[in-house]
Amino acid sequence: MVGFKTIVTHGLLVLAIVLAARHVDAAETVAPPVAIHVTFDRPVDASMAPFFMAAKDGKFGAEHLNVSFNSAAGSPEALARVATGNSELALVDINELIRFRDKADAPPVKAVFVLFNRAPYAIVARKSRGIHLLSDLDGKAVGVADSDLSIRLWPALARQNGIDVSHVKFFKMSAAVREPVLSAGQVDAVAGFSYLSAVNLRDRGVPADDLAVLRYADYGCEAYGFAVVASPAFATAKPDALKGFVRALIAGITTAAKEPARAADEAAGRIDDSDRDLELARLRTVLADNILTDEVRRNGLGGVDPARLERSIDQIAEDFRFHKRPAAGDIFDGRFLPPVESRLSN
């Protein structure tokens, strides 16, 4: 009997060793998280809060992703990083992507998720200077930053609204002095993004009731705004990872909408010398004006209306000479979006 017990004990020990070895082998074969480098096309502000909330709350990790962030000096640089594979993803102005795709040798970079359903382009003016409507810009002076994107669609918008572009005087300046120049009364209005210029001006002491925020979208501009674009190689090699990233980002948007103060804090923590109240005001503006639009509430986050995207390309074509006009299908790829019901915002 003792011999039998010894044999059984020995057998159980061997079995335990085998199972432990298999467990170690299985652990060693688990794939590491997929690394994703995300490039923002501009310095961090509260509009990127959904990305940071997805990271903060472990949404990227739950999708088996290791996501890092960096910034570029504009959409062209961010697009170049994605085109060469130096970044898997980037957040860029989709209208710059449309122009980028016109290049004969441009890689087939596409947007996979539209964050801003409405472009943030706007003319921000002083009512005290006699500007209440877009037509009031006739004969006025408007400040424009050297790197401003909104001004590229201004001629088309002016024609659409019957404004003689020769009657509006534009003055180039650095972005750093754009709002100070308007607050000092040296120009009548500035061109820029509504959630940047308007919020910055209120922060500088310009009364909110003296500001006229003339959003392009309110005057017939069809443009979408910032969108996530993907490296073609990454989209082909890691489609499941890209789908997981989109799911996590949607969760980040949902959290930012429900907890804007916490989301603004998270964004402000990534900005040197930040003002949390200012970033909270910026985030609330972005959510209301650009992200959670009526179209998004009907059709879900992240997607596009192909007919509207085609019309927006036509508006760009009014002032940009395409060598070969891209179609909506060349710009946006919806294969990585989850079903509509999981993209609807409450």
# chains A, B, ... in the order shown; residues from 1 in each chain; ligands from 1
$ residues_around --residues "segment 174-189 of chain A" --least-positions-apart "6" --cutoff "12 Å" --atoms "only C-alpha atoms" --output "PyMOL selection string"
chain A and resi 122-134+136-149+168+196-208+210-214
$ write_last_selection --atoms "N, CA and C atoms" --output "compact mmCIF listing (two decimals), in the first residue's frame"
# COMPACT_ATOMS: atom_id res chain seq x y z
N ALA A 122 -14.36 79.70 -37.98
CA ALA A 122 -15.24 80.80 -37.61
C ALA A 122 -14.52 82.14 -37.79
N ILE A 123 -15.31 83.19 -37.97
CA ILE A 123 -14.84 84.55 -37.83
C ILE A 123 -15.37 85.04 -36.48
N VAL A 124 -14.48 85.45 -35.61
CA VAL A 124 -14.89 85.94 -34.29
C VAL A 124 -14.71 87.45 -34.30
N ALA A 125 -15.83 88.16 -34.12
CA ALA A 125 -15.83 89.61 -34.28
C ALA A 125 -16.34 90.32 -33.03
N ARG A 126 -16.12 91.64 -32.99
CA ARG A 126 -16.64 92.48 -31.92
C ARG A 126 -17.94 93.13 -32.40
N LYS A 127 -19.01 92.90 -31.67
CA LYS A 127 -20.28 93.54 -32.01
C LYS A 127 -20.17 95.06 -31.89
N SER A 128 -19.33 95.48 -30.96
CA SER A 128 -19.13 96.92 -30.77
C SER A 128 -18.47 97.58 -31.98
N ARG A 129 -17.95 96.75 -32.89
CA ARG A 129 -17.38 97.28 -34.13
C ARG A 129 -18.38 97.16 -35.28
N GLY A 130 -19.65 96.90 -34.93
CA GLY A 130 -20.70 96.88 -35.94
C GLY A 130 -20.86 95.57 -36.67
N ILE A 131 -20.37 94.47 -36.09
CA ILE A 131 -20.44 93.16 -36.77
C ILE A 131 -21.35 92.24 -35.96
N HIS A 132 -22.44 91.86 -36.59
CA HIS A 132 -23.39 90.92 -35.98
C HIS A 132 -23.61 89.71 -36.88
N LEU A 133 -23.51 89.91 -38.19
CA LEU A 133 -23.73 88.87 -39.19
C LEU A 133 -22.53 88.82 -40.13
N LEU A 134 -22.43 87.77 -40.90
CA LEU A 134 -21.30 87.61 -41.83
C LEU A 134 -21.26 88.77 -42.82
N ASP A 136 -21.87 91.75 -42.37
CA ASP A 136 -21.35 92.97 -41.75
C ASP A 136 -19.83 93.11 -41.88
N LEU A 137 -19.17 92.07 -42.39
CA LEU A 137 -17.71 92.14 -42.55
C LEU A 137 -17.29 93.04 -43.71
N ASP A 138 -18.24 93.45 -44.53
CA ASP A 138 -17.92 94.33 -45.66
C ASP A 138 -17.24 95.60 -45.15
N GLY A 139 -16.03 95.82 -45.65
CA GLY A 139 -15.27 97.01 -45.28
C GLY A 139 -14.52 96.88 -43.97
N LYS A 140 -14.53 95.72 -43.36
CA LYS A 140 -13.89 95.53 -42.05
C LYS A 140 -12.49 94.93 -42.19
N ALA A 141 -11.74 95.02 -41.07
CA ALA A 141 -10.38 94.47 -41.01
C ALA A 141 -10.39 93.19 -40.18
N VAL A 142 -9.81 92.13 -40.73
CA VAL A 142 -9.81 90.81 -40.08
C VAL A 142 -8.38 90.32 -39.92
N GLY A 143 -8.03 89.91 -38.70
CA GLY A 143 -6.71 89.34 -38.44
C GLY A 143 -6.69 87.85 -38.72
N VAL A 144 -5.62 87.38 -39.34
CA VAL A 144 -5.49 85.96 -39.71
C VAL A 144 -4.10 85.47 -39.31
N ALA A 145 -4.04 84.37 -38.57
CA ALA A 145 -2.75 83.78 -38.20
C ALA A 145 -2.11 83.13 -39.42
N ASP A 146 -0.78 83.10 -39.41
CA ASP A 146 -0.05 82.55 -40.56
C ASP A 146 -0.46 81.12 -40.88
N SER A 147 -0.73 80.32 -39.85
CA SER A 147 -1.02 78.90 -40.06
C SER A 147 -2.52 78.60 -40.07
N ASP A 148 -3.37 79.63 -40.16
CA ASP A 148 -4.81 79.43 -40.04
C ASP A 148 -5.36 78.57 -41.19
N LEU A 149 -6.21 77.63 -40.83
CA LEU A 149 -6.83 76.74 -41.82
C LEU A 149 -8.17 77.28 -42.31
N VAL A 168 -13.13 93.04 -47.89
CA VAL A 168 -12.72 92.62 -46.55
C VAL A 168 -11.20 92.62 -46.52
N LEU A 196 -11.26 78.03 -29.89
CA LEU A 196 -10.00 78.61 -29.45
C LEU A 196 -10.13 80.13 -29.30
N SER A 197 -10.39 80.82 -30.41
CA SER A 197 -10.40 82.28 -30.39
C SER A 197 -11.48 82.85 -29.49
N ALA A 198 -12.72 82.35 -29.62
CA ALA A 198 -13.81 82.92 -28.82
C ALA A 198 -13.57 82.72 -27.33
N VAL A 199 -13.15 81.52 -26.95
CA VAL A 199 -12.90 81.24 -25.54
C VAL A 199 -11.71 82.05 -25.03
N ASN A 200 -10.66 82.15 -25.85
CA ASN A 200 -9.49 82.93 -25.45
C ASN A 200 -9.84 84.41 -25.24
N LEU A 201 -10.70 84.93 -26.11
CA LEU A 201 -11.08 86.34 -26.00
C LEU A 201 -11.88 86.61 -24.74
N ARG A 202 -12.80 85.69 -24.40
CA ARG A 202 -13.55 85.86 -23.16
C ARG A 202 -12.60 85.81 -21.97
N ASP A 203 -11.58 84.96 -22.08
CA ASP A 203 -10.61 84.85 -21.00
C ASP A 203 -9.79 86.13 -20.86
N ARG A 204 -9.64 86.87 -21.96
CA ARG A 204 -8.87 88.12 -21.94
C ARG A 204 -9.72 89.29 -21.48
N GLY A 205 -10.97 89.03 -21.14
CA GLY A 205 -11.80 90.09 -20.60
C GLY A 205 -12.77 90.72 -21.58
N VAL A 206 -12.80 90.23 -22.83
CA VAL A 206 -13.78 90.75 -23.79
C VAL A 206 -15.14 90.20 -23.39
N PRO A 207 -16.13 91.04 -23.14
CA PRO A 207 -17.45 90.55 -22.71
C PRO A 207 -18.05 89.58 -23.72
N ALA A 208 -18.64 88.53 -23.22
CA ALA A 208 -19.24 87.53 -24.10
C ALA A 208 -20.31 88.15 -24.99
N ASP A 210 -20.29 90.93 -26.32
CA ASP A 210 -19.69 91.77 -27.36
C ASP A 210 -19.07 90.92 -28.47
N LEU A 211 -19.13 89.61 -28.33
CA LEU A 211 -18.52 88.72 -29.33
C LEU A 211 -19.59 88.16 -30.27
N ALA A 212 -19.31 88.25 -31.55
CA ALA A 212 -20.14 87.61 -32.57
C ALA A 212 -19.32 86.46 -33.13
N VAL A 213 -19.73 85.22 -32.84
CA VAL A 213 -19.02 84.04 -33.33
C VAL A 213 -19.73 83.58 -34.60
N LEU A 214 -19.14 83.91 -35.73
CA LEU A 214 -19.74 83.62 -37.03
C LEU A 214 -19.19 82.30 -37.55
$ residues_around --residues "Glu259 of chain A" --least-positions-apart "4" --cutoff "12 Å" --atoms "only C-alpha atoms" --output "ChimeraX atom specification"
/A:49-50,53,251-255,263-266,280,283-284,287
$ write_last_selection --atoms "N, CA and C atoms" --output "JSON list (two decimals), in the first residue's frame"
[["chain", "number", "residue", "atom", "x", "y", "z"],
["A", 49, "ALA", "N", -9.43, 65.79, -25.16],
["A", 49, "ALA", "CA", -9.78, 65.11, -23.92],
["A", 49, "ALA", "C", -10.33, 63.70, -24.11],
["A", 50, "PRO", "N", -11.14, 63.42, -25.14],
["A", 50, "PRO", "CA", -11.63, 62.04, -25.30],
["A", 50, "PRO", "C", -10.51, 61.00, -25.42],
["A", 53, "MET", "N", -9.08, 60.56, -21.88],
["A", 53, "MET", "CA", -9.98, 59.83, -20.99],
["A", 53, "MET", "C", -9.98, 58.34, -21.32],
["A", 251, "ALA", "N", -15.76, 55.46, -26.28],
["A", 251, "ALA", "CA", -15.96, 55.45, -24.82],
["A", 251, "ALA", "C", -15.38, 56.71, -24.19],
["A", 252, "GLY", "N", -14.24, 57.18, -24.70],
["A", 252, "GLY", "CA", -13.63, 58.40, -24.19],
["A", 252, "GLY", "C", -14.50, 59.63, -24.44],
["A", 253, "ILE", "N", -15.13, 59.68, -25.62],
["A", 253, "ILE", "CA", -16.03, 60.80, -25.94],
["A", 253, "ILE", "C", -17.23, 60.78, -24.99],
["A", 254, "THR", "N", -17.78, 59.59, -24.79],
["A", 254, "THR", "CA", -18.94, 59.44, -23.91],
["A", 254, "THR", "C", -18.61, 59.92, -22.50],
["A", 255, "THR", "N", -17.43, 59.54, -22.01],
["A", 255, "THR", "CA", -17.01, 59.96, -20.67],
["A", 255, "THR", "C", -16.79, 61.47, -20.60],
["A", 263, "ALA", "N", -12.67, 65.45, -17.46],
["A", 263, "ALA", "CA", -11.98, 65.35, -18.75],
["A", 263, "ALA", "C", -11.10, 66.58, -18.99],
["A", 264, "ALA", "N", -11.63, 67.76, -18.65],
["A", 264, "ALA", "CA", -10.84, 68.98, -18.83],
["A", 264, "ALA", "C", -9.62, 68.97, -17.92],
["A", 265, "ASP", "N", -9.77, 68.46, -16.71],
["A", 265, "ASP", "CA", -8.64, 68.34, -15.79],
["A", 265, "ASP", "C", -7.56, 67.44, -16.39],
["A", 266, "GLU", "N", -7.98, 66.33, -16.98],
["A", 266, "GLU", "CA", -7.03, 65.39, -17.57],
["A", 266, "GLU", "C", -6.26, 66.04, -18.71],
["A", 280, "LEU", "N", -11.96, 73.79, -19.52],
["A", 280, "LEU", "CA", -13.32, 73.29, -19.34],
["A", 280, "LEU", "C", -14.28, 74.05, -20.26],
["A", 283, "LEU", "N", -13.71, 72.77, -23.77],
["A", 283, "LEU", "CA", -14.26, 71.43, -24.00],
["A", 283, "LEU", "C", -15.78, 71.49, -24.16],
["A", 284, "ARG", "N", -16.44, 72.26, -23.33],
["A", 284, "ARG", "CA", -17.89, 72.36, -23.43],
["A", 284, "ARG", "C", -18.31, 72.96, -24.77],
["A", 287, "LEU", "N", -17.75, 70.19, -27.50],
["A", 287, "LEU", "CA", -18.78, 69.14, -27.43],
["A", 287, "LEU", "C", -20.09, 69.63, -28.04]]
$ select_by_dssp --residues "segment 39-277 of chain A" --states "strand (DSSP E or B)" --output "PyMOL selection string"
chain A and resi 39-40+65-71+89-93+110-114+121-126+141-145+169-173+189-193+211-215+226-230
$ atom_distance --atom1 "atom CA of Pro107 of chain A" --atom2 "atom CA of Pro33 of chain A"
26.7 Å
$ residues_around --residues "Phe100 of chain A" --least-positions-apart "4" --cutoff "12 Å" --atoms "only C-alpha atoms" --output "number ranges by chain"
A: 75-80, 82-83, 92-96, 104-110, 320, 322-326, 330-331
$ closest_residue --among "A:Leu157, A:Leu301, A:Met48, A:Ala35" --to "Ala223 of chain A" --atoms "only C-alpha atoms"
A:Leu157
$ atom_distance --atom1 "atom CA of Val112 of chain A" --atom2 "atom CA of Ser68 of chain A"
18.2 Å
$ residues_around --residues "Leu337 of chain A" --least-positions-apart "4" --cutoff "10 Å" --atoms "only C-alpha atoms" --output "list in words"
Val112, Phe113, Leu242, Lys243, Gly244, Phe245, Val246, Arg247, Ile250, Leu301, Gly302, Gly303, Asp333, Ser342 and Arg343 of chain A
$ atom_distance --atom1 "atom CA of Phe234 of chain A" --atom2 "atom CA of Pro306 of chain A"
24.0 Å
$ residues_around --residues "Glu295 of chain A" --least-positions-apart "5" --cutoff "12 Å" --atoms "only C-alpha atoms" --output "list in words"
Phe116, Asn117, Arg118, Tyr224, Asp289, Asn290, Gly300, Leu301, Gly302, Gly303, Val304, Asp305, Arg308, Leu344 and Ser345 of chain A
$ write_last_selection --atoms "N, CA and C atoms" --output "PDB file, in the first residue's frame"
ATOM      1  N   PHE A 116     -14.750  65.722 -35.174  1.00  0.00           N
ATOM      2  CA  PHE A 116     -15.519  66.959 -35.311  1.00  0.00           C
ATOM      3  C   PHE A 116     -16.489  66.808 -36.471  1.00  0.00           C
ATOM      4  N   ASN A 117     -17.755  66.613 -36.154  1.00  0.00           N
ATOM      5  CA  ASN A 117     -18.763  66.510 -37.211  1.00  0.00           C
ATOM      6  C   ASN A 117     -18.933  67.838 -37.944  1.00  0.00           C
ATOM      7  N   ARG A 118     -18.659  68.943 -37.269  1.00  0.00           N
ATOM      8  CA  ARG A 118     -18.677  70.258 -37.909  1.00  0.00           C
ATOM      9  C   ARG A 118     -17.310  70.902 -37.715  1.00  0.00           C
ATOM     10  N   TYR A 224     -16.454  68.896 -42.709  1.00  0.00           N
ATOM     11  CA  TYR A 224     -16.204  68.205 -41.448  1.00  0.00           C
ATOM     12  C   TYR A 224     -14.926  68.800 -40.860  1.00  0.00           C
ATOM     13  N   ASP A 289     -20.691  72.372 -30.088  1.00  0.00           N
ATOM     14  CA  ASP A 289     -20.675  72.924 -31.445  1.00  0.00           C
ATOM     15  C   ASP A 289     -20.125  71.975 -32.502  1.00  0.00           C
ATOM     16  N   ASN A 290     -19.200  71.107 -32.115  1.00  0.00           N
ATOM     17  CA  ASN A 290     -18.452  70.357 -33.123  1.00  0.00           C
ATOM     18  C   ASN A 290     -18.591  68.844 -33.057  1.00  0.00           C
ATOM     19  N   GLY A 300     -24.908  58.742 -35.286  1.00  0.00           N
ATOM     20  CA  GLY A 300     -23.834  58.146 -34.510  1.00  0.00           C
ATOM     21  C   GLY A 300     -22.500  58.856 -34.678  1.00  0.00           C
ATOM     22  N   LEU A 301     -21.642  58.654 -33.687  1.00  0.00           N
ATOM     23  CA  LEU A 301     -20.308  59.249 -33.684  1.00  0.00           C
ATOM     24  C   LEU A 301     -19.415  58.630 -34.760  1.00  0.00           C
ATOM     25  N   GLY A 302     -18.513  59.449 -35.279  1.00  0.00           N
ATOM     26  CA  GLY A 302     -17.409  58.926 -36.067  1.00  0.00           C
ATOM     27  C   GLY A 302     -17.604  58.799 -37.546  1.00  0.00           C
ATOM     28  N   GLY A 303     -18.838  58.711 -38.028  1.00  0.00           N
ATOM     29  CA  GLY A 303     -19.071  58.466 -39.442  1.00  0.00           C
ATOM     30  C   GLY A 303     -19.251  59.746 -40.248  1.00  0.00           C
ATOM     31  N   VAL A 304     -19.527  59.570 -41.545  1.00  0.00           N
ATOM     32  CA  VAL A 304     -19.793  60.701 -42.435  1.00  0.00           C
ATOM     33  C   VAL A 304     -21.038  60.405 -43.263  1.00  0.00           C
ATOM     34  N   ASP A 305     -21.642  61.465 -43.744  1.00  0.00           N
ATOM     35  CA  ASP A 305     -22.668  61.374 -44.773  1.00  0.00           C
ATOM     36  C   ASP A 305     -21.929  61.531 -46.100  1.00  0.00           C
ATOM     37  N   ARG A 308     -22.729  64.606 -48.166  1.00  0.00           N
ATOM     38  CA  ARG A 308     -22.222  65.841 -47.574  1.00  0.00           C
ATOM     39  C   ARG A 308     -20.714  65.948 -47.770  1.00  0.00           C
ATOM     40  N   LEU A 344     -24.293  55.802 -30.983  1.00  0.00           N
ATOM     41  CA  LEU A 344     -25.256  56.855 -30.732  1.00  0.00           C
ATOM     42  C   LEU A 344     -24.967  57.531 -29.389  1.00  0.00           C
ATOM     43  N   SER A 345     -25.065  58.850 -29.368  1.00  0.00           N
ATOM     44  CA  SER A 345     -24.819  59.601 -28.135  1.00  0.00           C
ATOM     45  C   SER A 345     -26.151  59.990 -27.522  1.00  0.00           C
TER      46      SER A 345
END
$ residues_around --residues "Asn86 of chain A" --least-positions-apart "5" --cutoff "9 Å" --atoms "only C-alpha atoms" --output "list in words"
His37, Ala80, Arg81 and Ser231 of chain A
$ select_by_dssp --residues "segment 187-312 of chain A" --states "helix (DSSP H, G or I)" --output "ChimeraX atom specification"
/A:194-203,208-210,216-219,232-237,239-258,260-268,276-291,294-299,306-312
